[in-house]
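The data block below is final00.cif; it holds mmCIF, C-alpha atoms.
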data_target
#
loop_
_atom_site.label_atom_id
_atom_site.label_comp_id
_atom_site.auth_asym_id
_atom_site.auth_seq_id
_atom_site.Cartn_x
_atom_site.Cartn_y
_atom_site.Cartn_z
CA MET T 1126 24.37 -14.39 13.74
CA ASN T 1127 21.40 -16.42 15.00
CA TRP T 1128 20.43 -18.37 11.87
CA GLN T 1129 17.52 -19.91 13.73
CA LEU T 1130 15.72 -16.56 13.60
CA LEU T 1131 16.35 -15.94 9.90
CA PRO T 1132 13.21 -17.76 8.59
CA GLN T 1133 11.12 -16.09 11.30
CA PHE T 1134 12.12 -12.55 10.35
CA ALA T 1135 12.05 -13.28 6.60
CA ILE T 1136 8.49 -14.66 6.66
CA THR T 1137 7.31 -11.92 9.00
CA GLY T 1138 8.75 -9.35 6.61
CA LEU T 1139 6.96 -10.93 3.65
CA LEU T 1140 3.68 -10.92 5.58
CA ASN T 1141 4.16 -7.23 6.39
CA GLY T 1142 4.79 -6.66 2.69
CA GLY T 1143 1.27 -7.78 1.74
CA PRO T 1144 -0.54 -4.59 2.83
CA ILE T 1145 2.34 -2.49 1.45
CA ALA T 1146 1.86 -4.19 -1.92
CA LEU T 1147 -1.88 -3.44 -1.79
CA ILE T 1148 -1.26 0.25 -1.06
CA ALA T 1149 1.32 0.41 -3.86
CA LEU T 1150 -1.27 -1.11 -6.19
CA GLY T 1151 -3.60 1.82 -5.54
CA ILE T 1152 -0.87 4.27 -6.54
CA VAL T 1153 -0.12 2.32 -9.72
CA LEU T 1154 -3.83 2.18 -10.59
CA ILE T 1155 -4.13 5.97 -10.51
CA PHE T 1156 -0.94 6.46 -12.50
CA LYS T 1157 -1.90 3.93 -15.18
CA SER T 1158 -5.30 5.47 -15.79
CA SER T 1159 -4.55 9.19 -15.48
CA GLU T 1160 -0.74 9.52 -15.34
CA VAL T 1161 -1.03 11.22 -11.95
CA PHE T 1162 1.31 10.14 -9.14
CA ASN T 1163 -0.94 10.35 -6.10
CA PHE T 1164 1.02 11.74 -3.15
CA ALA T 1165 -2.24 11.89 -1.15
CA GLN T 1166 -2.67 8.10 -1.02
CA GLY T 1167 -1.44 8.00 2.58
CA GLN T 1168 -4.03 10.55 3.70
CA MET T 1169 -6.79 8.68 1.84
CA LEU T 1170 -5.64 5.58 3.74
CA LEU T 1171 -5.75 7.48 7.03
CA ILE T 1172 -9.25 8.85 6.48
CA GLY T 1173 -10.64 5.46 5.45
CA THR T 1174 -9.17 3.83 8.56
CA MET T 1175 -10.32 6.63 10.87
CA ALA T 1176 -13.81 6.36 9.39
CA THR T 1177 -13.83 2.63 10.15
CA TRP T 1178 -12.88 3.35 13.77
CA TRP T 1179 -15.58 6.03 14.09
CA PHE T 1180 -18.34 3.86 12.65
CA ALA T 1181 -17.37 0.92 14.91
CA SER T 1182 -16.34 2.74 18.10
CA ASP T 1183 -18.56 3.44 21.08
CA ASP T 1184 -17.37 7.05 20.74
CA GLY T 1185 -18.87 7.06 17.25
CA LEU T 1186 -21.87 5.18 15.89
CA GLY T 1187 -21.06 1.84 17.52
CA LEU T 1188 -21.96 -0.21 14.44
CA PRO T 1189 -20.97 -3.87 14.04
CA LEU T 1190 -17.46 -4.07 12.65
CA TRP T 1191 -18.47 -5.61 9.31
CA LEU T 1192 -21.01 -2.82 8.75
CA ALA T 1193 -18.51 -0.19 9.88
CA ILE T 1194 -16.01 -1.42 7.29
CA ILE T 1195 -18.64 -1.28 4.53
CA CYS T 1196 -19.61 2.27 5.53
CA ALA T 1197 -15.94 3.32 5.64
CA LEU T 1198 -15.38 1.89 2.16
CA GLY T 1199 -18.34 3.98 1.01
CA VAL T 1200 -16.71 7.07 2.52
CA SER T 1201 -13.47 6.19 0.73
CA VAL T 1202 -15.28 5.84 -2.61
CA LEU T 1203 -16.91 9.24 -2.10
CA LEU T 1204 -13.57 10.78 -1.14
CA GLY T 1205 -11.89 9.41 -4.26
CA LEU T 1206 -14.69 10.67 -6.50
CA LEU T 1207 -14.60 14.13 -4.91
CA ILE T 1208 -10.82 14.40 -5.29
CA GLU T 1209 -11.01 13.47 -8.97
CA ARG T 1210 -13.99 15.71 -9.75
CA LEU T 1211 -13.17 18.81 -7.73
CA ALA T 1212 -9.37 18.86 -7.57
CA LEU T 1213 -7.90 16.99 -10.53
CA ARG T 1214 -10.39 17.20 -13.37
CA PRO T 1215 -10.02 21.01 -13.52
CA MET T 1216 -6.25 20.42 -13.82
CA THR T 1217 -6.63 18.52 -17.11
CA GLY T 1218 -4.11 19.82 -19.63
CA GLN T 1219 -2.01 21.59 -17.00
CA PRO T 1220 1.76 20.97 -16.67
CA LEU T 1221 2.77 17.82 -14.82
CA LEU T 1222 4.43 19.83 -12.04
CA SER T 1223 1.15 21.63 -11.32
CA ILE T 1224 -0.69 18.32 -10.95
CA ILE T 1225 2.01 16.94 -8.64
CA LEU T 1226 1.78 20.06 -6.48
CA MET T 1227 -2.00 19.62 -6.39
CA THR T 1228 -1.70 16.08 -4.98
CA LEU T 1229 0.85 17.32 -2.42
CA ALA T 1230 -1.55 20.10 -1.43
CA LEU T 1231 -4.35 17.54 -1.15
CA ALA T 1232 -2.18 15.45 1.16
CA GLN T 1233 -1.64 18.41 3.50
CA PHE T 1234 -5.29 19.44 3.36
CA LEU T 1235 -6.57 15.93 4.13
CA GLN T 1236 -4.04 15.53 6.96
CA GLY T 1237 -5.20 18.81 8.50
CA LEU T 1238 -8.85 17.84 8.02
CA THR T 1239 -8.23 14.55 9.83
CA ILE T 1240 -6.61 16.38 12.77
CA LEU T 1241 -9.56 18.79 12.90
CA VAL T 1242 -12.19 16.03 12.90
CA PHE T 1243 -10.53 13.22 14.87
CA GLY T 1244 -7.81 14.91 16.93
CA THR T 1245 -4.27 13.65 17.44
CA ILE T 1246 -4.57 10.96 20.14
CA GLN T 1247 -3.73 7.32 19.45
CA ARG T 1248 -6.67 4.94 19.39
CA SER T 1249 -7.13 1.22 19.78
CA PHE T 1250 -8.41 -0.22 16.54
CA PRO T 1251 -11.19 -2.84 16.76
CA VAL T 1252 -9.88 -6.39 16.89
CA ILE T 1253 -10.44 -8.18 13.58
CA PHE T 1254 -8.03 -11.10 13.87
CA ASP T 1255 -6.97 -13.00 16.98
CA VAL T 1256 -3.67 -11.70 18.37
CA THR T 1257 -3.36 -14.01 21.38
CA ASN T 1258 -2.87 -17.39 19.70
CA PRO T 1259 -0.11 -17.23 17.07
CA TYR T 1260 0.36 -20.00 14.55
CA GLN T 1261 3.33 -22.26 15.24
CA ILE T 1262 4.80 -24.10 12.27
CA GLN T 1263 7.58 -26.66 12.63
CA LEU T 1264 10.16 -26.45 9.86
CA PRO T 1265 11.96 -29.54 8.52
CA PHE T 1266 15.28 -28.07 9.69
CA THR T 1267 17.30 -28.04 12.87
CA TYR T 1268 19.82 -25.54 14.20
CA ASN T 1269 22.23 -26.62 16.94
CA ASP T 1270 20.08 -29.74 17.35
CA ASN T 1271 17.01 -27.59 18.00
CA GLN T 1272 13.89 -27.86 15.85
CA MET T 1273 13.27 -24.62 13.94
CA ILE T 1274 9.78 -23.24 14.55
CA LEU T 1275 7.98 -20.32 12.92
CA VAL T 1276 5.75 -18.28 15.22
CA LEU T 1277 3.39 -16.16 13.13
CA ARG T 1278 0.83 -13.76 14.53
CA GLN T 1279 -2.65 -14.41 13.18
CA ASN T 1280 -3.28 -10.76 12.38
CA LEU T 1281 -0.18 -10.66 10.15
CA VAL T 1282 -1.08 -13.89 8.38
CA TRP T 1283 -4.68 -12.94 7.70
CA SER T 1284 -3.78 -9.37 6.74
CA PHE T 1285 -1.46 -10.84 4.11
CA VAL T 1286 -4.17 -13.24 2.92
CA VAL T 1287 -6.76 -10.46 2.64
CA ALA T 1288 -4.29 -8.23 0.78
CA MET T 1289 -3.49 -10.99 -1.74
CA VAL T 1290 -7.21 -11.77 -2.19
CA CYS T 1291 -7.82 -8.09 -2.97
CA VAL T 1292 -4.96 -8.13 -5.49
CA THR T 1293 -6.44 -11.23 -7.15
CA LEU T 1294 -9.93 -9.70 -7.29
CA LEU T 1295 -8.51 -6.57 -8.90
CA TRP T 1296 -6.71 -8.68 -11.50
CA LEU T 1297 -9.95 -10.52 -12.30
CA PHE T 1298 -11.76 -7.17 -12.49
CA PHE T 1299 -9.29 -5.82 -15.04
CA GLN T 1300 -9.27 -9.03 -17.08
CA TYR T 1301 -12.94 -9.98 -17.27
CA THR T 1302 -15.19 -6.94 -16.75
CA SER T 1303 -16.13 -4.31 -19.31
CA THR T 1304 -15.20 -1.51 -16.89
CA GLY T 1305 -11.83 -3.12 -16.22
CA LEU T 1306 -11.16 -3.49 -19.94
CA ALA T 1307 -12.12 0.16 -20.46
CA MET T 1308 -9.65 1.16 -17.74
CA ARG T 1309 -6.92 -0.92 -19.39
CA ALA T 1310 -7.65 0.68 -22.76
CA THR T 1311 -7.55 4.15 -21.21
CA ALA T 1312 -4.23 3.34 -19.58
CA GLU T 1313 -2.76 2.39 -22.96
CA ASP T 1314 -3.90 5.46 -24.91
CA HIS T 1315 -6.40 8.10 -23.81
CA GLU T 1316 -7.17 9.43 -27.27
CA THR T 1317 -7.68 6.01 -28.85
CA ALA T 1318 -9.90 4.92 -25.96
CA GLN T 1319 -12.01 8.05 -26.34
CA SER T 1320 -12.29 7.53 -30.10
CA VAL T 1321 -13.96 4.13 -29.57
CA GLY T 1322 -16.55 5.55 -27.19
CA ILE T 1323 -14.95 5.09 -23.78
CA ARG T 1324 -15.86 7.91 -21.40
CA ILE T 1325 -12.47 8.96 -20.12
CA ASN T 1326 -13.71 11.09 -17.23
CA ARG T 1327 -15.86 8.20 -16.00
CA VAL T 1328 -12.83 5.91 -16.07
CA PHE T 1329 -10.78 8.45 -14.11
CA GLY T 1330 -13.53 8.69 -11.48
CA ILE T 1331 -13.77 4.91 -11.12
CA SER T 1332 -9.99 4.68 -10.80
CA TRP T 1333 -9.94 7.15 -7.93
CA ALA T 1334 -12.88 5.42 -6.26
CA ILE T 1335 -11.13 2.04 -6.43
CA ALA T 1336 -7.90 3.63 -5.18
CA GLY T 1337 -9.86 4.95 -2.20
CA ILE T 1338 -11.15 1.46 -1.42
CA ILE T 1339 -7.66 -0.02 -1.74
CA ALA T 1340 -6.23 2.67 0.55
CA ALA T 1341 -8.89 2.06 3.20
CA ILE T 1342 -8.43 -1.72 3.16
CA GLY T 1343 -4.64 -1.33 3.37
CA GLY T 1344 -4.98 1.06 6.30
CA ILE T 1345 -7.40 -1.25 8.13
CA LEU T 1346 -5.03 -4.20 7.72
CA ILE T 1347 -2.06 -2.23 9.06
CA ALA T 1348 -4.06 -0.70 11.94
CA THR T 1349 -5.00 -4.17 13.19
CA ALA T 1350 -1.31 -4.71 14.01
CA SER T 1351 0.00 -1.24 14.85
CA GLY T 1352 -2.94 0.71 16.27
CA LEU T 1353 -4.40 3.91 14.89
CA ASP T 1354 -3.02 7.44 14.97
CA LEU T 1355 -2.02 10.16 12.54
CA SER T 1356 1.33 8.50 11.82
CA LEU T 1357 -0.53 5.77 9.92
CA SER T 1358 -0.35 7.91 6.78
CA ILE T 1359 3.45 7.60 6.63
CA VAL T 1360 3.07 3.91 5.79
CA VAL T 1361 2.80 5.13 2.21
CA LEU T 1362 6.49 6.08 2.38
CA ALA T 1363 7.21 2.35 2.12
CA ALA T 1364 4.75 2.01 -0.77
CA PHE T 1365 6.40 4.72 -2.90
CA PRO T 1366 9.69 2.80 -3.34
CA ALA T 1367 7.66 -0.39 -3.89
CA VAL T 1368 5.89 1.31 -6.81
CA LEU T 1369 9.11 2.59 -8.38
CA LEU T 1370 10.89 -0.69 -7.69
CA GLY T 1371 8.31 -2.69 -9.61
CA GLY T 1372 7.66 -0.13 -12.34
CA LEU T 1373 5.27 2.81 -12.31
CA GLU T 1374 2.74 1.20 -14.65
CA SER T 1375 3.09 -2.44 -13.62
CA ILE T 1376 0.45 -4.01 -11.39
CA PRO T 1377 2.49 -7.22 -10.86
CA GLY T 1378 5.49 -4.98 -10.22
CA ALA T 1379 3.65 -3.19 -7.40
CA VAL T 1380 2.93 -6.53 -5.72
CA VAL T 1381 6.49 -7.81 -6.11
CA GLY T 1382 7.90 -4.45 -5.02
CA GLY T 1383 5.76 -4.45 -1.88
CA LEU T 1384 6.88 -7.95 -0.95
CA ILE T 1385 10.54 -7.05 -1.54
CA VAL T 1386 10.19 -3.98 0.68
CA GLY T 1387 8.57 -6.02 3.44
CA LEU T 1388 11.21 -8.74 3.18
CA ALA T 1389 14.04 -6.20 3.32
CA GLN T 1390 12.60 -4.49 6.39
CA GLY T 1391 12.19 -7.86 8.08
CA LEU T 1392 15.75 -8.95 7.39
CA VAL T 1393 17.41 -5.76 8.60
CA ALA T 1394 15.49 -6.09 11.87
CA LEU T 1395 17.16 -9.47 12.44
CA PRO T 1396 19.03 -9.44 15.78
CA ASN T 1397 22.62 -10.61 16.04
CA ASN T 1398 23.39 -9.73 12.42
CA ASP T 1399 26.95 -8.70 13.29
CA PHE T 1400 28.20 -11.48 11.01
CA ILE T 1401 26.84 -9.63 7.98
CA PHE T 1402 27.36 -5.97 8.84
CA GLY T 1403 29.99 -6.02 11.57
CA PRO T 1404 29.42 -5.19 15.24
CA ASP T 1405 29.57 -1.42 14.81
CA ALA T 1406 27.18 -1.21 11.87
CA ALA T 1407 24.70 -3.90 12.92
CA GLN T 1408 22.72 -1.73 15.34
CA ALA T 1409 22.66 1.18 12.89
CA VAL T 1410 21.28 -1.13 10.20
CA ARG T 1411 18.54 -2.39 12.52
CA ASN T 1412 17.57 1.21 13.28
CA SER T 1413 17.40 2.10 9.58
CA ALA T 1414 14.54 -0.18 8.54
CA ALA T 1415 12.55 2.83 7.31
CA ILE T 1416 15.18 3.84 4.75
CA ILE T 1417 16.13 0.35 3.56
CA PRO T 1418 13.43 0.38 0.82
CA TYR T 1419 14.97 3.53 -0.63
CA ILE T 1420 18.47 2.06 -0.55
CA ILE T 1421 17.21 -0.98 -2.48
CA LEU T 1422 15.37 1.34 -4.85
CA LEU T 1423 18.54 3.31 -5.62
CA ILE T 1424 20.49 0.13 -6.32
CA VAL T 1425 17.80 -1.29 -8.63
CA LEU T 1426 17.26 1.97 -10.52
CA LEU T 1427 20.97 2.20 -11.26
CA PHE T 1428 20.64 -0.92 -13.40
CA ARG T 1429 16.94 -0.78 -14.39
CA PRO T 1430 15.72 2.84 -14.43
CA ASP T 1431 12.21 1.72 -15.42
CA GLY T 1432 11.90 -0.67 -12.48
CA LEU T 1433 11.90 -4.46 -12.44
CA PHE T 1434 8.70 -4.77 -14.50
CA GLY T 1435 8.61 -1.35 -16.14
CA GLN T 1436 8.54 -0.93 -19.90
CA LYS T 1437 10.60 1.53 -21.87
CA ARG T 1438 8.51 3.89 -23.97
CA ILE T 1439 9.80 5.03 -27.33
CA GLU T 1440 8.22 8.21 -28.64
CA ARG T 1441 8.56 9.56 -32.16
CA ILE T 1442 9.44 13.22 -32.39
#
Will you turn the file into structure tokens for me?
Amino acid sequence: MNWQLLPQFAITGLLNGGPIALIALGIVLIFKSSEVFNFAQGQMLLIGTMATWWFASDDGLGLPLWLAIICALGVSVLLGLLIERLALRPMTGQPLLSIILMTLALAQFLQGLTILVFGTIQRSFPVIFDVTNPYQIQLPFTYNDNQMILVLRQNLVWSFVVAMVCVTLLWLFFQYTSTGLAMRATAEDHETAQSVGIRINRVFGISWAIAGIIAAIGGILIATASGLDLSLSIVVLAAFPAVLLGGLESIPGAVVGGLIVGLAQGLVALPNNDFIFGPDAAQAVRNSAAIIPYIILLIVLLFRPDGLFGQKRIERI
């Protein structure tokens, strides 16, 4: 095994985990406020990112990138509000399975709508961060008398920074604004929150609007590194295990879960890992980066069914 590459792949994995953590946070936000697991988060992400491309592209409106992002965030807010008002509010009081099927149907509908409007070709996403001059960081270690150096792409570093800034801003919003406090109260107990004058439907709408913004930002950050096509929506498949890993109702858990998922995917991509897995299994492990989050999830849930930060609920019958 080439130990010299271990820090490189570990840090790269953590940086990739930043946007995953942000996307997972949007799923947790919806679940905390309305107890709906949003299977359409990936399609909301895709539409927000496609809208950014259209507003900024010469094939679209050709707006400056900063203005295109603002317009796309507005589209994402509108999309979240429409989903809550037209699709989910009429489902209030319906069985949980019906609501889950509704979000799955929304995912298919939004995916089809995206194909209809934007087509299926891959597109080059506008450059936000420099990709030609990676950061080089010398580590205070040597391997075989060679200085260990981290080479980090700027788009990965700044995508991680932006994701963590968004997480921090959301935490401040929940802690210090009246709307954030109302959302926290609603998450704890809908009936009690309503009894003290909190408008529950308004809170639900705001939650979906914020989730739309989070999805769009997460999609934009990922598209800067991977390009833009319809497969972007499957990024959410890495966010689902991050949510369950951290705990369905835990915002810190979503962040930690996303970073763990990113780290795991980075480590299994490490070349020359025959020392750990054996020569026959090493290549198979490297090719299975997409399912590694679910393997970790299964292991964790065997010992902590509520996730790392989840809380057990005791209900009186």
Using only C-alpha atoms: which of T:Gly1435, T:Pro1377, T:Gly1383, T:Gly1237 has the shortest distance to Ala1146 (chain T) =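 Looking only at the distances to Ala1146 (chain T), the closest residue turns out to be T:Gly1383.
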Need the axis-aligned box for region 1368-1380 of chain T with 5 Å each side, so what are the centre and edges in Å to one decimal, as JSON?
{"center_x": 5.7, "center_y": -2.2, "center_z": -10.2, "size_x": 20.4, "size_y": 20.0, "size_z": 18.9}
Long-range neighbours of Phe1234 (chain T) as a list in words, 12 Å cut-off, all atoms listed in the file, 4 positions minimum in chain =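 Returned residues: Phe1164, Ala1165, Gln1168, Met1169, Ile1172, Ile1208, Ala1212, Met1227, Thr1228, Leu1229, Ala1230, Leu1238, Thr1239, Ile1240 and Leu1241 of chain T.
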Using C-alpha atoms, can you export the residues from the last selection as a PDB file, keeping the file's coordinate frame?
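Ended up saving to result-v3.pdb:
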ATOM      1  CA  PHE T1164       1.020  11.740  -3.150  1.00  0.00           C
ATOM      2  CA  ALA T1165      -2.240  11.890  -1.150  1.00  0.00           C
ATOM      3  CA  GLN T1168      -4.030  10.550   3.700  1.00  0.00           C
ATOM      4  CA  MET T1169      -6.790   8.680   1.840  1.00  0.00           C
ATOM      5  CA  ILE T1172      -9.250   8.850   6.480  1.00  0.00           C
ATOM      6  CA  ILE T1208     -10.820  14.400  -5.290  1.00  0.00           C
ATOM      7  CA  ALA T1212      -9.370  18.860  -7.570  1.00  0.00           C
ATOM      8  CA  MET T1227      -2.000  19.620  -6.390  1.00  0.00           C
ATOM      9  CA  THR T1228      -1.700  16.080  -4.980  1.00  0.00           C
ATOM     10  CA  LEU T1229       0.850  17.320  -2.420  1.00  0.00           C
ATOM     11  CA  ALA T1230      -1.550  20.100  -1.430  1.00  0.00           C
ATOM     12  CA  LEU T1238      -8.850  17.840   8.020  1.00  0.00           C
ATOM     13  CA  THR T1239      -8.230  14.550   9.830  1.00  0.00           C
ATOM     14  CA  ILE T1240      -6.610  16.380  12.770  1.00  0.00           C
ATOM     15  CA  LEU T1241      -9.560  18.790  12.900  1.00  0.00           C
TER      16      LEU T1241
END
Mind telling me what the PyMOL selection byres ((chain T and resi 1355) around 9) catches here, as a list in words?
->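 Applying the PyMOL selection byres ((chain T and resi 1355) around 9) to the structure shown produces Leu1171, Gln1236, Thr1239, Ile1240, Gly1244, Thr1245, Ile1246, Gln1247, Leu1353, Asp1354, Ser1356, Leu1357, Ser1358 and Ile1359 of chain T.
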The PyMOL selection byres ((chain T and resi 1335) around 12) resolved against shown file, as number ranges by chain = T: 1147-1148, 1150-1155, 1158, 1166, 1169, 1198-1206, 1209, 1291-1292, 1294-1295, 1298-1299, 1304-1305, 1308, 1328-1334, 1336-1342
So which residues touch Leu1264 (chain T) within 12 Å, counting only C-alpha atoms, skipping near sequence neighbours fewer than 3 positions away, as an MDAnalysis selection string?
-> chainID T and resid 1129:1130 1132:1133 1261 1267:1268 1271:1276
Distance CA of Gly1344 (chain T)-CA of Pro1144 (chain T), one decimal place?
-> 8.0 Å
Could you tell me which of T:Val1290, T:Gly1343, T:Gly1322, T:Leu1211 comes closest to Gly1173 (chain T) if we count only C-alpha atoms?
->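 For Gly1173 (chain T), the nearest of the candidates is T:Gly1343.
The smallest atom-to-atom distance between Val1286 (chain T) and any of T:Ala1379, T:Ile1325, T:Leu1346, T:Ala1394, using only C-alpha atoms, is found for T:Leu1346.
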Report as a PyMOL selection string the residues that result from applying the PyMOL selection byres ((chain T and resi 1251) around 10) to the structure here.
-> chain T and resi 1177-1178+1181-1182+1190+1248-1250+1252-1254+1345+1348-1349+1352-1353
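Coordinates place CA of Ile1421 (chain T) at a distance of 28.5 Å from CA of Leu1231 (chain T).
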Given the choices T:Gln1263, T:Leu1362, T:Asp1431, T:Val1380, which gets closest to Ile1417 (chain T) if the distance is worked out from all atoms listed in the file?
->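 Result for the nearest residue to Ile1417 (chain T): T:Leu1362.
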Using all atoms listed in the file, which of T:Leu1140, T:Ile1224, T:Val1393, T:Ile1376 sits nearest Ala1415 (chain T)?
->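 Among the listed residues, the smallest separation from Ala1415 (chain T) belongs to T:Val1393.
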Closest to Arg1327 (chain T) among T:Leu1221, T:Met1289, T:Arg1210, T:Pro1366, using all atoms listed in the file?
->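 Of T:Leu1221, T:Met1289, T:Arg1210, T:Pro1366, the one nearest Arg1327 (chain T), counting all atoms listed in the file, is T:Arg1210.
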Distance in Å - CA of Leu1170 (chain T) versus CA of Leu1207 (chain T) =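 Taking CA of Leu1170 (chain T) as the start and CA of Leu1207 (chain T) as the end point, the length is 15.1 Å.
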